[in-house]
$ cat model.cif   # mmCIF, C-alpha atoms
data_start
loop_
_atom_site.group_PDB
_atom_site.id
_atom_site.type_symbol
_atom_site.label_atom_id
_atom_site.label_comp_id
_atom_site.auth_asym_id
_atom_site.auth_seq_id
_atom_site.Cartn_x
_atom_site.Cartn_y
_atom_site.Cartn_z
ATOM 1 C CA MET A 117 114.657 77.511 112.248
ATOM 2 C CA THR A 118 113.277 80.976 112.956
ATOM 3 C CA HIS A 119 111.173 82.488 110.173
ATOM 4 C CA VAL A 120 110.697 86.268 109.971
ATOM 5 C CA LEU A 121 108.024 87.737 107.714
ATOM 6 C CA GLY A 122 108.275 91.298 106.442
ATOM 7 C CA VAL A 123 104.926 93.015 105.875
ATOM 8 C CA VAL A 124 104.993 96.266 103.909
ATOM 9 C CA ALA A 125 101.863 98.397 104.141
ATOM 10 C CA GLY A 126 102.677 101.087 101.612
ATOM 11 C CA PRO A 127 100.241 102.030 98.840
ATOM 12 C CA GLU A 128 102.635 100.978 96.063
ATOM 13 C CA PRO A 129 105.089 98.094 95.944
ATOM 14 C CA GLY A 130 108.805 98.792 95.951
ATOM 15 C CA GLY A 131 108.809 102.074 97.869
ATOM 16 C CA ARG A 132 111.045 103.388 100.629
ATOM 17 C CA THR A 133 109.209 101.365 103.280
ATOM 18 C CA ALA A 134 109.904 98.128 101.382
ATOM 19 C CA THR A 135 113.586 99.105 101.231
ATOM 20 C CA ALA A 136 113.669 99.673 104.997
ATOM 21 C CA VAL A 137 111.903 96.388 105.791
ATOM 22 C CA ALA A 138 114.279 94.535 103.453
ATOM 23 C CA GLY A 139 117.182 96.033 105.428
ATOM 24 C CA VAL A 140 115.770 94.617 108.661
ATOM 25 C CA LEU A 141 115.179 91.239 107.020
ATOM 26 C CA ALA A 142 118.813 91.200 105.809
ATOM 27 C CA GLY A 143 119.945 91.496 109.423
ATOM 28 C CA ALA A 144 117.627 88.667 110.474
ATOM 29 C CA GLU A 145 119.071 86.478 107.712
ATOM 30 C CA LYS A 146 122.630 87.193 108.880
ATOM 31 C CA ALA A 147 121.500 86.059 112.337
ATOM 32 C CA GLY A 148 120.367 82.723 110.862
ATOM 33 C CA ALA A 149 116.648 83.309 110.257
ATOM 34 C CA THR A 150 114.804 82.564 107.065
ATOM 35 C CA THR A 151 112.828 85.506 105.754
ATOM 36 C CA SER A 152 110.098 86.426 103.320
ATOM 37 C CA LEU A 153 108.513 89.727 102.354
ATOM 38 C CA LEU A 154 104.927 90.472 101.390
ATOM 39 C CA GLU A 155 103.595 93.819 100.258
ATOM 40 C CA LEU A 156 99.958 94.353 101.206
ATOM 41 C CA SER A 157 99.334 96.372 98.034
ATOM 42 C CA ASP A 158 100.278 93.276 95.982
ATOM 43 C CA ALA A 159 99.438 90.248 98.110
ATOM 44 C CA GLY A 160 96.305 91.451 99.906
ATOM 45 C CA ALA A 161 95.342 91.050 103.537
ATOM 46 C CA ASP A 162 94.135 87.430 103.278
ATOM 47 C CA ALA A 163 97.507 86.213 101.977
ATOM 48 C CA VAL A 164 99.382 88.163 104.636
ATOM 49 C CA ILE A 165 97.162 86.840 107.437
ATOM 50 C CA ALA A 166 97.751 83.287 106.179
ATOM 51 C CA ALA A 167 101.515 83.907 106.171
ATOM 52 C CA LEU A 168 101.435 85.247 109.745
ATOM 53 C CA THR A 169 100.532 81.758 110.959
ATOM 54 C CA ASP A 170 103.942 80.373 109.908
ATOM 55 C CA ALA A 171 106.033 83.307 111.154
ATOM 56 C CA ASP A 172 108.015 83.376 114.398
ATOM 57 C CA GLY A 173 108.551 87.098 113.940
ATOM 58 C CA VAL A 174 107.079 89.873 111.824
ATOM 59 C CA VAL A 175 108.519 93.155 110.632
ATOM 60 C CA PHE A 176 105.588 95.541 110.216
ATOM 61 C CA GLY A 177 106.514 98.386 107.882
ATOM 62 C CA SER A 178 104.383 101.370 106.973
ATOM 63 C CA PRO A 179 104.691 104.912 105.746
ATOM 64 C CA VAL A 180 103.290 107.500 108.128
ATOM 65 C CA TYR A 181 100.299 109.532 106.994
ATOM 66 C CA ARG A 182 98.681 112.128 109.226
ATOM 67 C CA ALA A 183 100.828 111.064 112.190
ATOM 68 C CA THR A 184 99.919 107.356 112.094
ATOM 69 C CA TYR A 185 100.569 104.169 110.164
ATOM 70 C CA SER A 186 98.745 103.476 106.905
ATOM 71 C CA ALA A 187 95.120 102.478 106.404
ATOM 72 C CA LEU A 188 96.387 99.271 104.743
ATOM 73 C CA LEU A 189 98.104 98.244 107.974
ATOM 74 C CA LYS A 190 95.109 99.283 110.075
ATOM 75 C CA ASP A 191 92.870 97.121 107.881
ATOM 76 C CA LEU A 192 95.236 94.158 108.190
ATOM 77 C CA LEU A 193 95.326 94.416 111.974
ATOM 78 C CA GLU A 194 91.557 94.813 112.206
ATOM 79 C CA ARG A 195 91.079 91.663 110.121
ATOM 80 C CA THR A 196 93.654 89.606 112.052
ATOM 81 C CA GLU A 197 92.031 87.396 114.680
ATOM 82 C CA ARG A 198 93.439 87.235 118.174
ATOM 83 C CA GLY A 199 91.646 84.226 119.618
ATOM 84 C CA LYS A 200 88.983 86.168 121.494
ATOM 85 C CA TRP A 201 85.181 86.185 121.393
ATOM 86 C CA GLY A 202 84.754 83.112 119.232
ATOM 87 C CA GLU A 203 87.659 83.776 116.878
ATOM 88 C CA ALA A 204 89.225 80.518 115.745
ATOM 89 C CA THR A 205 92.807 81.711 115.240
ATOM 90 C CA ALA A 206 95.419 83.936 116.830
ATOM 91 C CA PRO A 207 98.277 84.059 114.304
ATOM 92 C CA LEU A 208 100.239 86.736 116.169
ATOM 93 C CA GLN A 209 100.081 85.091 119.600
ATOM 94 C CA GLY A 210 103.486 83.837 120.687
ATOM 95 C CA THR A 211 105.301 85.887 118.063
ATOM 96 C CA VAL A 212 107.585 88.873 118.099
ATOM 97 C CA ALA A 213 107.499 91.984 115.965
ATOM 98 C CA ALA A 214 109.658 94.864 114.872
ATOM 99 C CA THR A 215 108.126 98.120 113.699
ATOM 100 C CA VAL A 216 109.509 100.140 110.795
ATOM 101 C CA LEU A 217 107.872 103.420 109.888
ATOM 102 C CA THR A 218 108.924 105.865 107.202
ATOM 103 C CA GLY A 219 108.051 109.500 106.719
ATOM 104 C CA ALA A 220 109.030 112.728 105.048
ATOM 105 C CA SER A 221 110.510 114.209 108.237
ATOM 106 C CA GLY A 222 111.343 113.286 111.802
ATOM 107 C CA HIS A 223 108.148 114.898 113.064
ATOM 108 C CA HIS A 224 106.170 111.654 112.870
ATOM 109 C CA TYR A 225 108.460 109.280 114.753
ATOM 110 C CA LEU A 226 106.039 109.118 117.694
ATOM 111 C CA ALA A 227 103.690 107.042 115.511
ATOM 112 C CA LEU A 228 105.936 104.102 116.448
ATOM 113 C CA GLY A 229 104.398 104.131 119.922
ATOM 114 C CA ASP A 230 100.870 103.818 118.566
ATOM 115 C CA LEU A 231 101.746 100.746 116.511
ATOM 116 C CA ARG A 232 103.736 99.197 119.361
ATOM 117 C CA ASN A 233 100.790 99.696 121.724
ATOM 118 C CA VAL A 234 98.336 97.988 119.361
ATOM 119 C CA LEU A 235 100.647 95.023 118.770
ATOM 120 C CA ALA A 236 101.599 94.556 122.425
ATOM 121 C CA GLY A 237 98.306 95.397 124.068
ATOM 122 C CA PHE A 238 95.750 94.108 121.616
ATOM 123 C CA PHE A 239 97.609 91.071 120.227
ATOM 124 C CA ALA A 240 100.030 90.278 123.112
ATOM 125 C CA VAL A 241 102.983 90.391 120.704
ATOM 126 C CA GLN A 242 106.475 90.853 122.136
ATOM 127 C CA VAL A 243 107.578 94.041 120.332
ATOM 128 C CA LEU A 244 111.231 94.896 119.817
ATOM 129 C CA SER A 245 111.949 98.375 121.152
ATOM 130 C CA PRO A 246 112.797 100.932 120.042
ATOM 131 C CA GLY A 247 111.103 100.856 116.700
ATOM 132 C CA LEU A 248 112.874 102.055 113.573
ATOM 133 C CA TYR A 249 111.762 105.342 112.009
ATOM 134 C CA LEU A 250 113.377 106.576 108.794
ATOM 135 C CA ASP A 251 112.932 109.854 107.010
ATOM 136 C CA HIS A 252 114.462 110.808 103.646
ATOM 137 C CA GLY A 253 117.894 111.226 105.244
ATOM 138 C CA GLY A 254 118.150 107.445 105.733
ATOM 139 C CA TYR A 255 118.236 106.764 101.988
ATOM 140 C CA VAL A 256 120.655 107.242 99.125
ATOM 141 C CA ASP A 257 117.657 106.818 96.811
ATOM 142 C CA ARG A 258 114.269 105.046 97.002
ATOM 143 C CA THR A 259 115.812 101.585 96.913
ATOM 144 C CA THR A 260 119.103 102.100 98.765
ATOM 145 C CA LEU A 261 119.656 102.772 102.454
ATOM 146 C CA THR A 262 122.636 104.845 103.551
ATOM 147 C CA GLU A 263 125.443 102.781 105.055
ATOM 148 C CA GLN A 264 124.621 103.988 108.566
ATOM 149 C CA THR A 265 120.906 103.233 108.132
ATOM 150 C CA ALA A 266 121.604 99.804 106.620
ATOM 151 C CA THR A 267 123.747 98.961 109.654
ATOM 152 C CA LEU A 268 120.997 100.120 112.020
ATOM 153 C CA ALA A 269 118.308 98.182 110.121
ATOM 154 C CA ALA A 270 120.453 95.042 110.160
ATOM 155 C CA ALA A 271 120.954 95.403 113.926
ATOM 156 C CA HIS A 272 117.171 95.526 114.360
ATOM 157 C CA GLY A 273 116.834 92.382 112.241
ATOM 158 C CA ALA A 274 119.459 90.485 114.228
ATOM 159 C CA ALA A 275 117.842 91.576 117.500
ATOM 160 C CA LEU A 276 114.421 90.472 116.218
ATOM 161 C CA ALA A 277 115.806 87.039 115.291
ATOM 162 C CA ASP A 278 117.321 86.712 118.776
ATOM 163 C CA LEU A 279 114.071 87.809 120.408
ATOM 164 C CA ALA A 280 112.087 85.333 118.287
ATOM 165 C CA ALA A 281 114.373 82.502 119.367
ATOM 166 C CA ALA A 282 113.962 83.490 123.021
ATOM 167 C CA VAL A 283 110.171 83.698 122.808
ATOM 168 C CA THR A 284 109.964 80.426 120.881
ATOM 169 C CA ALA A 285 112.002 78.747 123.631
ATOM 170 C CA SER A 286 109.742 80.096 126.391
ATOM 171 C CA ALA A 287 106.421 78.380 127.000
ATOM 172 C CA ALA A 288 105.509 81.210 129.382
ATOM 173 C CA LEU A 289 106.048 83.949 126.779
ATOM 174 C CA GLN A 290 104.162 81.995 124.124
ATOM 175 C CA ALA A 291 101.223 81.478 126.472
ATOM 176 C CA ILE A 292 100.571 85.174 127.032
ATOM 177 C CA THR A 293 97.250 86.126 125.490
ATOM 178 C CA PRO A 294 95.441 89.440 125.096
ATOM 179 C CA GLN A 295 93.657 90.345 128.328
ATOM 180 C CA ILE A 296 90.547 91.846 126.783
#

$ encode --input "model.cif" --output "structure tokens"
Amino acid sequence: MTHVLGVVAGPEPGGRTATAVAGVLAGAEKAGATTSLLELSDAGADAVIAALTDADGVVFGSPVYRATYSALLKDLLERTERGKWGEATAPLQGTVAATVLTGASGHHYLALGDLRNVLAGFFAVQVLSPGLYLDHGGYVDRTTLTEQTATLAAAHGAALADLAAAVTASAALQAITPQI
């Protein structure tokens, strides 16, 4: 069975980013995947890296600060091995990812491209496109997505589950490694 891990890289647990990631995970569950959610501010990078090993897909969620994803997510990615230069593990190799970024306005949606480029280029992850970017208009309140946004998030989750199943079934896609 496909397992999708949600990783929330906000500074406090239970924020708008966690709500958005949970919406994506709900769609993955409806598509038949099992899911779990870890918040970096609670679990810490070591626990998240350990959980990446068992995931077929990952939903990376982060608020946007200064036009990019959070320092917590940057730290996690910098600490995650990719099987190069003597590294013993590559927990993201052969996996898929969805990106979920949140911000105060639509002005920061281009940060999705930066995260997608790091995941695809540096880790050889198959990244679901387009990413999901939500500003305040996507929420009823901090813990509730609007109906339209919940539907969109669920569609991303279902698509991620389908993509994970396809990559898992393909030896060629799982064998792709970072070039450099």

$ resolve_selection --input "model.cif" --expression "the PyMOL selection byres ((chain A and resi 241-256) around 8)" --output "JSON, numbers by chain"
{"A": [136, 208, 209, 210, 211, 212, 213, 214, 215, 216, 217, 218, 219, 220, 221, 222, 225, 228, 232, 235, 236, 237, 239, 240, 257, 258, 259, 260, 261, 262, 264, 265, 269, 272, 275, 276, 279]}

$ axis_aligned_box --input "model.cif" --around "region 198-217 of chain A" --padding-each-side "8 Å" --output "JSON"
{"center_x": 97.2, "center_y": 92.0, "center_z": 115.7, "size_x": 40.9, "size_y": 38.9, "size_z": 27.6}

$ closest_residue --input "model.cif" --among "A:Gly130, A:Val174, A:Ile296, A:Thr169" --to "Ser157 (chain A)" --atoms "all atoms listed in the file"
A:Gly130

$ atom_distance --input "model.cif" --atom1 "CA of Val175 (chain A)" --atom2 "CA of Val140 (chain A)"
7.7 Å

$ residues_around --input "model.cif" --residues "Val120 (chain A)" --least-positions-apart "3" --cutoff "9 Å" --atoms "all atoms listed in the file" --output "number ranges by chain"
A: 141, 144-145, 149-153, 170-175, 213, 273, 276-277, 280

$ write_last_selection --input "model.cif" --atoms "C-alpha atoms" --output "PDB file, keeping the file's coordinate frame"
ATOM      1  CA  LEU A 141     115.179  91.239 107.020  1.00  0.00           C
ATOM      2  CA  ALA A 144     117.627  88.667 110.474  1.00  0.00           C
ATOM      3  CA  GLU A 145     119.071  86.478 107.712  1.00  0.00           C
ATOM      4  CA  ALA A 149     116.648  83.309 110.257  1.00  0.00           C
ATOM      5  CA  THR A 150     114.804  82.564 107.065  1.00  0.00           C
ATOM      6  CA  THR A 151     112.828  85.506 105.754  1.00  0.00           C
ATOM      7  CA  SER A 152     110.098  86.426 103.320  1.00  0.00           C
ATOM      8  CA  LEU A 153     108.513  89.727 102.354  1.00  0.00           C
ATOM      9  CA  ASP A 170     103.942  80.373 109.908  1.00  0.00           C
ATOM     10  CA  ALA A 171     106.033  83.307 111.154  1.00  0.00           C
ATOM     11  CA  ASP A 172     108.015  83.376 114.398  1.00  0.00           C
ATOM     12  CA  GLY A 173     108.551  87.098 113.940  1.00  0.00           C
ATOM     13  CA  VAL A 174     107.079  89.873 111.824  1.00  0.00           C
ATOM     14  CA  VAL A 175     108.519  93.155 110.632  1.00  0.00           C
ATOM     15  CA  ALA A 213     107.499  91.984 115.965  1.00  0.00           C
ATOM     16  CA  GLY A 273     116.834  92.382 112.241  1.00  0.00           C
ATOM     17  CA  LEU A 276     114.421  90.472 116.218  1.00  0.00           C
ATOM     18  CA  ALA A 277     115.806  87.039 115.291  1.00  0.00           C
ATOM     19  CA  ALA A 280     112.087  85.333 118.287  1.00  0.00           C
TER      20      ALA A 280
END

$ atom_distance --input "model.cif" --atom1 "CA of Phe176 (chain A)" --atom2 "CA of Gly122 (chain A)"
6.3 Å

$ closest_residue --input "model.cif" --among "A:Ala227, A:Ala183, A:Ile165, A:Ala159" --to "Glu197 (chain A)" --atoms "all atoms listed in the file"
A:Ile165

$ closest_residue --input "model.cif" --among "A:Ala287, A:Ala281, A:Ala271, A:Ala125" --to "Tyr185 (chain A)" --atoms "all atoms listed in the file"
A:Ala125

$ residues_around --input "model.cif" --residues "Ala163 (chain A)" --least-positions-apart "6" --cutoff "10 Å" --atoms "all atoms listed in the file" --output "PyMOL selection string"
chain A and resi 154-156

$ atom_distance --input "model.cif" --atom1 "CA of Thr267 (chain A)" --atom2 "CA of Ala142 (chain A)"
10.0 Å

$ closest_residue --input "model.cif" --among "A:Gly177, A:Asp162, A:Asn233, A:Ile292" --to "Ala134 (chain A)" --atoms "only C-alpha atoms"
A:Gly177
